[in-house]
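Raw entry-v6.cif, mmCIF, C-alpha atoms:
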data_protein
#
loop_
_atom_site.label_atom_id
_atom_site.label_comp_id
_atom_site.auth_asym_id
_atom_site.auth_seq_id
_atom_site.Cartn_x
_atom_site.Cartn_y
_atom_site.Cartn_z
CA MET P 86 24.13 -105.11 23.57
CA ALA P 87 24.16 -108.91 23.65
CA LEU P 88 21.00 -110.55 24.94
CA LEU P 89 21.39 -113.58 27.16
CA PRO P 90 19.19 -116.56 26.19
CA ASN P 91 16.22 -117.50 28.35
CA PRO P 92 16.50 -114.70 30.93
CA SER P 93 14.34 -115.05 34.04
CA LEU P 94 12.81 -112.54 36.46
CA SER P 95 11.22 -112.87 39.90
CA LEU P 96 9.87 -109.46 40.92
CA ARG P 97 7.04 -109.12 43.39
CA ALA P 98 4.16 -107.17 41.91
CA ASP P 99 2.89 -106.09 45.35
CA GLN P 100 6.03 -104.06 46.20
CA LEU P 101 6.10 -100.30 45.92
CA GLY P 102 7.80 -99.35 42.68
CA SER P 103 7.74 -102.92 41.33
CA PRO P 104 6.33 -103.65 37.87
CA ASP P 105 2.89 -105.31 37.90
CA LEU P 106 3.98 -108.70 36.61
CA SER P 107 0.67 -110.32 37.41
CA ALA P 108 -0.90 -108.10 34.78
CA ASP P 109 1.74 -109.19 32.29
CA ARG P 110 1.06 -112.86 32.97
CA ALA P 111 -2.64 -112.36 32.30
CA ALA P 112 -2.08 -110.46 29.07
CA PRO P 113 -1.96 -112.21 25.69
CA ALA P 114 1.55 -113.09 24.55
CA ALA P 115 1.39 -110.65 21.63
CA SER P 116 0.64 -107.71 23.95
CA ARG P 117 3.43 -108.40 26.47
CA ARG P 118 6.46 -106.17 26.43
CA ARG P 119 9.70 -107.68 27.64
CA ARG P 120 11.64 -105.17 29.69
CA ASP P 121 15.32 -104.45 29.04
CA PHE P 122 17.63 -104.46 32.05
CA VAL P 123 20.99 -103.25 30.76
CA PHE P 124 24.03 -104.30 32.81
CA VAL P 125 27.00 -101.99 32.16
CA VAL P 126 30.10 -103.98 33.07
CA ASN P 127 33.61 -102.64 33.44
CA PRO P 128 35.56 -105.88 32.83
CA LYS P 129 38.89 -104.28 33.75
CA GLY P 130 37.61 -102.88 37.05
CA ALA P 131 39.44 -103.83 40.25
CA ASN P 132 42.40 -105.11 38.22
CA GLY P 133 40.20 -107.39 36.15
CA ARG P 134 38.32 -108.88 39.09
CA THR P 135 35.04 -107.29 37.97
CA GLY P 136 35.04 -109.16 34.66
CA LYS P 137 35.84 -112.49 36.33
CA GLU P 138 33.22 -112.03 39.05
CA TRP P 139 30.62 -111.04 36.47
CA LYS P 140 31.02 -114.38 34.68
CA LYS P 141 30.48 -116.19 37.98
CA LEU P 142 27.36 -114.14 38.69
CA LEU P 143 25.56 -114.91 35.43
CA PRO P 144 23.95 -118.23 36.47
CA TYR P 145 22.50 -116.65 39.61
CA LEU P 146 21.45 -113.59 37.63
CA ARG P 147 19.55 -115.79 35.18
CA THR P 148 17.85 -117.53 38.10
CA ARG P 149 16.69 -114.29 39.70
CA LEU P 150 15.72 -112.31 36.60
CA ALA P 151 12.77 -113.80 34.80
CA ASP P 152 11.00 -114.34 31.53
CA HIS P 153 9.57 -110.83 31.92
CA CYS P 154 12.99 -109.24 31.44
CA ASN P 155 15.65 -109.09 28.74
CA VAL P 156 19.04 -109.20 30.44
CA CYS P 157 21.43 -107.16 28.29
CA GLU P 158 25.18 -107.22 28.82
CA SER P 159 27.27 -104.31 27.66
CA PHE P 160 31.00 -104.17 28.35
CA THR P 161 32.90 -100.91 28.55
CA SER P 162 36.05 -100.54 26.48
CA GLY P 163 37.52 -97.37 27.98
CA PRO P 164 36.88 -94.04 29.74
CA SER P 165 33.40 -92.51 29.24
CA HIS P 166 32.12 -95.55 27.35
CA ALA P 167 29.62 -96.30 30.13
CA ILE P 168 28.12 -92.84 29.58
CA ASP P 169 27.44 -93.61 25.91
CA ILE P 170 26.05 -97.07 26.68
CA THR P 171 23.67 -95.65 29.27
CA ARG P 172 22.40 -92.88 27.00
CA GLU P 173 21.70 -95.33 24.21
CA ALA P 174 19.86 -97.65 26.58
CA ILE P 175 17.69 -94.84 27.98
CA ARG P 176 16.85 -93.50 24.52
CA GLU P 177 15.78 -96.99 23.49
CA GLY P 178 13.46 -97.27 26.48
CA ALA P 179 15.37 -99.59 28.83
CA GLU P 180 13.58 -100.06 32.11
CA ALA P 181 16.81 -100.18 34.10
CA VAL P 182 20.52 -99.56 33.69
CA ILE P 183 22.68 -101.31 36.27
CA ALA P 184 26.29 -100.29 36.90
CA VAL P 185 28.50 -103.34 37.49
CA GLY P 186 31.82 -102.23 38.95
CA GLY P 187 33.10 -99.56 41.30
CA ASP P 188 32.31 -95.93 41.98
CA GLY P 189 33.94 -94.89 38.70
CA THR P 190 31.57 -97.03 36.63
CA LEU P 191 28.60 -95.80 38.68
CA HIS P 192 29.76 -92.21 38.14
CA GLU P 193 29.77 -92.66 34.36
CA VAL P 194 26.41 -94.42 34.32
CA VAL P 195 24.85 -91.59 36.37
CA ASN P 196 26.23 -89.05 33.88
CA GLY P 197 24.63 -91.10 31.13
CA PHE P 198 21.23 -90.27 32.62
CA PHE P 199 21.77 -86.67 31.47
CA TRP P 200 22.32 -84.91 28.18
CA ASP P 201 23.31 -81.26 27.71
CA GLY P 202 22.80 -80.65 31.44
CA ASN P 203 19.27 -82.06 31.55
CA PRO P 204 17.73 -85.46 32.36
CA LEU P 205 17.72 -87.70 29.30
CA VAL P 206 14.30 -88.63 27.95
CA SER P 207 13.48 -91.92 26.27
CA HIS P 208 12.17 -92.03 22.70
CA GLU P 209 9.29 -94.02 24.17
CA LYS P 210 6.73 -91.66 25.64
CA GLY P 211 6.18 -92.14 29.37
CA SER P 212 9.16 -94.46 29.79
CA THR P 213 11.37 -93.95 32.86
CA THR P 214 14.68 -95.73 33.38
CA ALA P 215 15.82 -96.78 36.85
CA LEU P 216 19.40 -96.99 38.12
CA GLY P 217 20.87 -100.07 39.77
CA LEU P 218 24.22 -100.99 41.26
CA ILE P 219 26.17 -104.22 41.61
CA PRO P 220 29.29 -103.12 43.54
CA LEU P 221 32.39 -104.94 42.27
CA GLY P 222 35.00 -102.19 42.30
CA THR P 223 37.96 -101.04 44.38
CA GLY P 224 36.16 -98.65 46.73
CA SER P 225 32.38 -99.10 46.33
CA ASP P 226 31.90 -96.10 48.62
CA PHE P 227 28.40 -95.19 47.46
CA ALA P 228 27.07 -98.58 48.57
CA ARG P 229 28.42 -97.96 52.09
CA THR P 230 25.97 -95.07 52.61
CA PHE P 231 23.11 -97.59 52.45
CA GLY P 232 24.88 -100.00 54.78
CA TRP P 233 25.26 -102.57 52.00
CA LYS P 234 27.90 -105.26 52.11
CA ASN P 235 30.12 -105.52 49.06
CA ASP P 236 28.16 -108.62 48.04
CA PRO P 237 27.01 -108.81 44.40
CA TYR P 238 24.48 -111.55 45.17
CA ASP P 239 22.73 -109.29 47.67
CA ALA P 240 22.72 -106.57 45.01
CA ILE P 241 21.03 -108.88 42.50
CA ASP P 242 18.40 -109.77 45.11
CA ARG P 243 17.68 -106.07 45.64
CA ILE P 244 17.21 -105.55 41.92
CA ALA P 245 15.01 -108.63 41.63
CA LYS P 246 12.74 -107.43 44.44
CA GLY P 247 12.14 -104.25 42.46
CA ASN P 248 11.98 -101.77 45.33
CA LYS P 249 12.97 -98.29 44.18
CA SER P 250 13.29 -94.85 45.72
CA LYS P 251 14.26 -91.49 44.30
CA ILE P 252 17.78 -90.26 44.99
CA ASP P 253 19.36 -86.85 44.56
CA VAL P 254 22.16 -86.13 42.13
CA GLY P 255 24.80 -83.43 42.50
CA ALA P 256 25.67 -81.13 39.60
CA ILE P 257 29.06 -79.54 39.08
CA GLU P 258 29.93 -76.81 36.58
CA GLY P 259 32.85 -74.55 35.77
CA PRO P 260 33.19 -71.18 34.05
CA THR P 261 31.78 -72.50 30.76
CA GLY P 262 28.52 -73.57 32.43
CA ASP P 263 28.77 -77.16 31.14
CA LYS P 264 27.35 -79.52 33.75
CA HIS P 265 28.81 -82.76 35.05
CA PHE P 266 27.08 -84.93 37.64
CA PHE P 267 28.02 -86.84 40.77
CA VAL P 268 26.09 -89.13 43.07
CA ASN P 269 28.55 -89.61 45.93
CA VAL P 270 31.09 -86.95 47.03
CA ALA P 271 32.82 -84.08 45.23
CA ASP P 272 35.89 -82.54 46.81
CA ILE P 273 38.47 -79.79 46.47
CA HIS P 274 42.20 -79.30 47.09
CA LEU P 275 44.22 -81.91 49.04
CA SER P 276 41.72 -84.78 48.94
CA ALA P 277 41.02 -84.17 45.25
CA LYS P 278 44.74 -84.12 44.50
CA ALA P 279 45.17 -87.33 46.50
CA GLY P 280 42.35 -88.90 44.49
CA TYR P 281 44.04 -87.86 41.27
CA TYR P 282 47.23 -89.64 42.29
CA ALA P 283 45.37 -92.63 43.73
CA SER P 284 43.76 -93.30 40.35
CA GLN P 285 47.23 -94.04 39.00
CA TYR P 286 47.77 -96.86 41.53
CA LYS P 287 44.46 -98.78 41.37
CA LYS P 288 46.40 -102.01 40.84
CA PHE P 289 47.26 -101.88 44.55
CA GLY P 290 43.59 -101.98 45.61
CA ASN P 291 42.60 -99.78 48.56
CA LEU P 292 46.28 -99.13 49.21
CA CYS P 293 46.10 -96.73 46.25
CA TYR P 294 44.38 -94.17 48.51
CA VAL P 295 47.31 -94.22 50.96
CA ILE P 296 49.80 -93.81 48.12
CA GLY P 297 47.75 -90.97 46.65
CA ALA P 298 47.60 -89.16 49.98
CA LEU P 299 51.36 -89.43 50.49
CA LYS P 300 52.05 -88.02 47.03
CA ALA P 301 49.50 -85.22 47.48
CA PHE P 302 51.07 -84.11 50.77
CA LYS P 303 54.39 -83.52 49.05
CA GLY P 304 54.57 -79.76 48.49
CA HIS P 305 51.00 -79.21 49.71
CA GLU P 306 49.98 -75.76 50.96
CA ASN P 307 46.69 -74.73 52.54
CA HIS P 308 44.94 -72.01 50.56
CA ASP P 309 42.45 -69.22 51.17
CA LEU P 310 39.21 -69.73 49.27
CA GLU P 311 35.94 -67.87 48.90
CA ILE P 312 32.51 -69.49 48.87
CA LYS P 313 28.97 -68.41 48.08
CA VAL P 314 26.31 -70.60 49.69
CA ASP P 315 22.75 -70.83 48.32
CA GLY P 316 23.16 -67.63 46.31
CA GLY P 317 24.16 -65.48 49.30
CA GLU P 318 27.19 -63.25 49.76
CA TRP P 319 30.77 -64.34 49.21
CA GLU P 320 32.47 -65.60 52.38
CA SER P 321 36.18 -66.01 53.05
CA VAL P 322 37.43 -69.43 54.19
CA THR P 323 41.09 -69.33 55.18
CA LYS P 324 43.81 -71.97 55.15
CA VAL P 325 41.65 -74.61 53.47
CA THR P 326 43.19 -78.08 53.43
CA ALA P 327 40.22 -79.82 51.85
CA MET P 328 36.60 -79.07 51.09
CA CYS P 329 34.11 -81.92 50.59
CA ILE P 330 30.61 -81.68 49.17
CA GLY P 331 28.66 -84.84 49.93
CA ASN P 332 25.48 -86.22 48.43
CA ALA P 333 26.42 -89.46 50.22
CA LYS P 334 28.70 -90.20 53.17
CA TYR P 335 31.88 -92.02 52.10
CA PHE P 336 34.86 -91.57 49.84
CA GLY P 337 38.49 -92.70 49.61
CA GLY P 338 37.84 -96.36 50.31
CA GLY P 339 35.62 -96.05 53.38
CA MET P 340 36.33 -92.63 54.90
CA LYS P 341 33.06 -91.26 56.30
CA ILE P 342 33.91 -87.70 55.32
CA THR P 343 30.40 -86.21 55.08
CA PRO P 344 28.68 -88.21 57.84
CA THR P 345 25.31 -86.42 57.85
CA ALA P 346 24.82 -86.49 54.07
CA ASP P 347 21.68 -88.22 52.81
CA PRO P 348 21.15 -88.82 49.05
CA ALA P 349 17.40 -88.39 49.48
CA ASN P 350 17.08 -85.18 51.55
CA GLY P 351 17.47 -82.56 48.83
CA HIS P 352 20.68 -81.10 50.31
CA LEU P 353 24.44 -81.45 50.08
CA GLU P 354 26.66 -81.61 53.15
CA LEU P 355 29.63 -79.24 53.04
CA VAL P 356 32.59 -80.26 55.23
CA VAL P 357 35.66 -78.02 55.38
CA LEU P 358 39.04 -78.98 56.86
CA GLN P 359 41.15 -75.91 57.69
CA ASN P 360 44.81 -75.55 58.60
CA PHE P 361 45.51 -79.30 58.77
CA LYS P 362 49.12 -80.46 58.81
CA TRP P 363 50.27 -83.88 57.61
CA TYR P 364 50.46 -85.16 61.18
CA ASP P 365 46.87 -84.07 61.86
CA PHE P 366 45.69 -86.68 59.38
CA ILE P 367 47.71 -89.38 61.10
CA ILE P 368 46.43 -88.41 64.55
CA LYS P 369 42.82 -87.95 63.46
CA LEU P 370 42.58 -90.59 60.75
CA HIS P 371 40.42 -92.89 62.89
CA ARG P 372 37.92 -90.06 63.39
CA LEU P 373 37.79 -89.29 59.68
CA TYR P 374 37.06 -92.93 58.87
CA GLY P 375 34.57 -93.23 61.72
CA GLY P 376 32.70 -90.03 60.82
CA THR P 377 33.29 -88.48 64.26
CA HIS P 378 35.52 -85.65 63.03
CA LEU P 379 32.92 -82.87 62.90
CA SER P 380 33.79 -81.82 66.47
CA VAL P 381 37.53 -81.72 65.74
CA LYS P 382 39.23 -78.32 65.75
CA GLY P 383 39.50 -76.95 62.22
CA VAL P 384 36.53 -78.94 60.89
CA SER P 385 33.17 -77.35 60.05
CA SER P 386 29.99 -78.64 58.44
CA ARG P 387 26.79 -77.22 57.05
CA SER P 388 23.87 -78.22 54.84
CA VAL P 389 23.62 -76.45 51.47
CA LYS P 390 21.67 -76.60 48.24
CA SER P 391 24.32 -74.88 46.17
CA ILE P 392 27.83 -73.58 46.67
CA GLU P 393 30.24 -71.67 44.49
CA VAL P 394 33.95 -71.92 45.26
CA LYS P 395 36.83 -69.82 43.96
CA GLU P 396 40.38 -68.95 44.96
CA ARG P 397 40.96 -65.68 46.75
CA VAL P 398 44.10 -65.25 44.66
CA GLN P 399 43.76 -66.94 41.29
CA ARG P 400 46.39 -69.63 40.68
CA GLY P 401 44.45 -72.24 38.73
CA ASP P 402 46.02 -75.25 40.45
CA ILE P 403 43.39 -76.21 43.06
CA TYR P 404 42.21 -79.73 42.15
CA VAL P 405 38.53 -80.67 41.96
CA GLN P 406 37.18 -84.22 41.69
CA SER P 407 33.75 -85.83 41.80
CA ASP P 408 33.07 -89.44 42.80
CA GLY P 409 36.81 -90.02 42.83
CA GLU P 410 37.22 -88.89 39.22
CA HIS P 411 39.38 -85.88 38.35
CA TRP P 412 37.13 -83.06 37.10
CA GLY P 413 39.42 -80.06 36.76
CA PHE P 414 40.32 -76.97 38.77
CA LEU P 415 38.57 -74.06 40.48
CA PHE P 416 36.33 -72.00 39.82
CA THR P 417 33.47 -74.47 40.43
CA LYS P 418 29.78 -74.41 41.34
CA PHE P 419 28.00 -77.33 42.98
CA SER P 420 24.23 -77.79 43.26
CA ILE P 421 21.68 -80.48 44.05
CA LEU P 422 19.00 -82.03 41.81
CA PRO P 423 16.46 -83.49 44.26
CA GLY P 424 14.92 -86.86 43.41
CA ALA P 425 16.54 -86.94 39.99
CA ILE P 426 16.82 -90.72 39.53
CA ASP P 427 14.85 -93.81 40.57
CA PHE P 428 17.26 -96.19 42.31
CA PHE P 429 16.96 -99.87 43.23
CA CYS P 430 17.45 -100.02 46.98
#

As structure tokens:
Amino acid sequence: MALLPNPSLSLRADQLGSPDLSADRAAPAASRRRRDFVFVVNPKGANGRTGKEWKKLLPYLRTRLADHCNVCESFTSGPSHAIDITREAIREGAEAVIAVGGDGTLHEVVNGFFWDGNPLVSHEKGSTTALGLIPLGTGSDFARTFGWKNDPYDAIDRIAKGNKSKIDVGAIEGPTGDKHFFVNVADIHLSAKAGYYASQYKKFGNLCYVIGALKAFKGHENHDLEIKVDGGEWESVTKVTAMCIGNAKYFGGGMKITPTADPANGHLELVVLQNFKWYDFIIKLHRLYGGTHLSVKGVSSRSVKSIEVKERVQRGDIYVQSDGEHWGFLFTKFSILPGAIDFFC
């Protein structure tokens, strides 16, 4: 990690969750501990726009983040690199890790907060690392849940103010029991397949989601699935088009698919679309984006803490994704980890 010279910080000590900087100012210089804020930057995100915007942000960042903070840049070089960077930062006692990029970068950073299915612990006793976000990606769907504009300067101001709250994290696991984590929305079947294809067309910006959907519809068939909610009995769900499990509200570049989800309520929102045809999406697209689709025929919603999903007839070709990243195929279990991470908000 490369340290920027003369970093600056302007956090208010009287805010809930803010560091007590007044105490630091009064302490002798030898006893002060400069805090590491690690910025994980995906320079290739949004077709290279993230890297260019990051360079423009640095002067403002230096203005807002003070002599009580070491600003550490770390650039990702490929898939999963942000996970490794985050784990190293947490182990070394960083006070914050900030994802700079889109939902994919945030997804990797969140997974870096865990190791072997459990929250990662710093080598420094009593040290807790917070999560931050500067949205500079293609979709930036997680930020929409909080009503944030896609404005990196506003994001820096939020981090500088130091207000934090605990957010939930979703866990996803397959037959092996290995856990993966998501902070936004996980989904199954058509939407997951569309997301898989969309990832291949990111150079077209938000248009990639339209292209992905068109490709996913080709040869699509609704399938019968079985679910087990909160450890209960297996239930049959017929003609499933898509199944979405939301910790937050938006996916697919602004579609409010799980409109009652709240990343701080200790639950996931399960939304199921059944027996949809291609023309249903065209007719009802405005309701899906507006979050008013829960009253539409063939749409159901419920609040869950865990859900297991499997095919009624095993085929092994039902796509699963989390936070817009391809995860694999059914069988899958989803669960919630309440208040798992401190988040700058």

- request: Starting from the shown file, work through the PyMOL selection byres ((chain P and resi 413) around 9) and note down what comes out as an NGL selection string.
  value: :P and (259 or 402-406 or 411-412 or 414-415 or 417)

Would you kindly translate the PyMOL selection byres ((chain P and resi 351) around 9) into the concrete residues it picks from this file, as a PyMOL selection string? chain P and resi 252-254+332+347-350+352-353+390+421-424

Between atom CA of P:Gly130 and atom CA of P:Glu177 lies a distance of 26.4 Å

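Nearest residue to P:Val314 among P:Ile330, P:Val194, P:Ala271, P:Ala283 is P:Ile330, counting only C-alpha atoms.
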
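Nearest to P:Ala228 of all the residues P:Gly401, P:Gly163, P:Gly178, P:Gly186 is P:Gly186, counting all atoms listed in the file.
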
If the PyMOL selection byres ((chain P and resi 193) around 12) were run on this exact file, what residues would it hold? Put them as an mmCIF file with C-alpha atoms, in the frame of the given file.
data_model
loop_
_atom_site.group_PDB
_atom_site.id
_atom_site.type_symbol
_atom_site.label_atom_id
_atom_site.label_comp_id
_atom_site.auth_asym_id
_atom_site.auth_seq_id
_atom_site.Cartn_x
_atom_site.Cartn_y
_atom_site.Cartn_z
ATOM 1 C CA VAL P 125 27.000 -101.990 32.160
ATOM 2 C CA VAL P 126 30.100 -103.980 33.070
ATOM 3 C CA ASN P 127 33.610 -102.640 33.440
ATOM 4 C CA THR P 161 32.900 -100.910 28.550
ATOM 5 C CA GLY P 163 37.520 -97.370 27.980
ATOM 6 C CA PRO P 164 36.880 -94.040 29.740
ATOM 7 C CA SER P 165 33.400 -92.510 29.240
ATOM 8 C CA HIS P 166 32.120 -95.550 27.350
ATOM 9 C CA ALA P 167 29.620 -96.300 30.130
ATOM 10 C CA ILE P 168 28.120 -92.840 29.580
ATOM 11 C CA ASP P 169 27.440 -93.610 25.910
ATOM 12 C CA ILE P 170 26.050 -97.070 26.680
ATOM 13 C CA THR P 171 23.670 -95.650 29.270
ATOM 14 C CA ARG P 172 22.400 -92.880 27.000
ATOM 15 C CA VAL P 182 20.520 -99.560 33.690
ATOM 16 C CA ILE P 183 22.680 -101.310 36.270
ATOM 17 C CA ALA P 184 26.290 -100.290 36.900
ATOM 18 C CA VAL P 185 28.500 -103.340 37.490
ATOM 19 C CA GLY P 186 31.820 -102.230 38.950
ATOM 20 C CA GLY P 187 33.100 -99.560 41.300
ATOM 21 C CA ASP P 188 32.310 -95.930 41.980
ATOM 22 C CA GLY P 189 33.940 -94.890 38.700
ATOM 23 C CA THR P 190 31.570 -97.030 36.630
ATOM 24 C CA LEU P 191 28.600 -95.800 38.680
ATOM 25 C CA HIS P 192 29.760 -92.210 38.140
ATOM 26 C CA VAL P 194 26.410 -94.420 34.320
ATOM 27 C CA VAL P 195 24.850 -91.590 36.370
ATOM 28 C CA ASN P 196 26.230 -89.050 33.880
ATOM 29 C CA GLY P 197 24.630 -91.100 31.130
ATOM 30 C CA PHE P 198 21.230 -90.270 32.620
ATOM 31 C CA PHE P 199 21.770 -86.670 31.470
ATOM 32 C CA LEU P 216 19.400 -96.990 38.120
ATOM 33 C CA HIS P 265 28.810 -82.760 35.050
ATOM 34 C CA PHE P 266 27.080 -84.930 37.640
ATOM 35 C CA PHE P 267 28.020 -86.840 40.770
ATOM 36 C CA VAL P 268 26.090 -89.130 43.070
ATOM 37 C CA SER P 407 33.750 -85.830 41.800
ATOM 38 C CA ASP P 408 33.070 -89.440 42.800
ATOM 39 C CA GLY P 409 36.810 -90.020 42.830
ATOM 40 C CA GLU P 410 37.220 -88.890 39.220
#

Requested in this report: Could you please determine the separation between atom CA of P:Glu138 and atom CA of P:Glu173 in Å, to one decimal place?
Outcome: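 These two atoms are separated by 25.1 Å.
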
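Comparing the minimum interatomic distances between P:Thr148 and each of P:Ile367, P:Leu221, P:Ile241, P:Ala179, counting all atoms listed in the file, we find that P:Ile241 sits nearest.
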
| Selection as a PyMOL selection string: residues within 9 Å of (29.8, -111.4, 31.7), counting all atoms listed in the file | chain P and resi 126+128+136-143+158-160

Using only C-alpha atoms, the residue out of P:Cys293, P:Val357, P:Ala245, P:Leu373 with shortest distance to P:Tyr335 is P:Leu373

Spatial neighbours of P:Pro344, max dist 8 Å, all atoms listed in the file, sep filter under 2 positions, as a list in words: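 Skipping anything fewer than 2 positions along the chain leaves Lys334, Tyr335, Lys341, Ile342, Ala346, Gly376 and Thr377 of chain P.
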
* Could you check how far atom CA of P:Ser420 sits from atom CA of P:Gly255, in Å to one decimal? =>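 If I compute the distance from atom CA of P:Ser420 to atom CA of P:Gly255, I get 5.7 Å.
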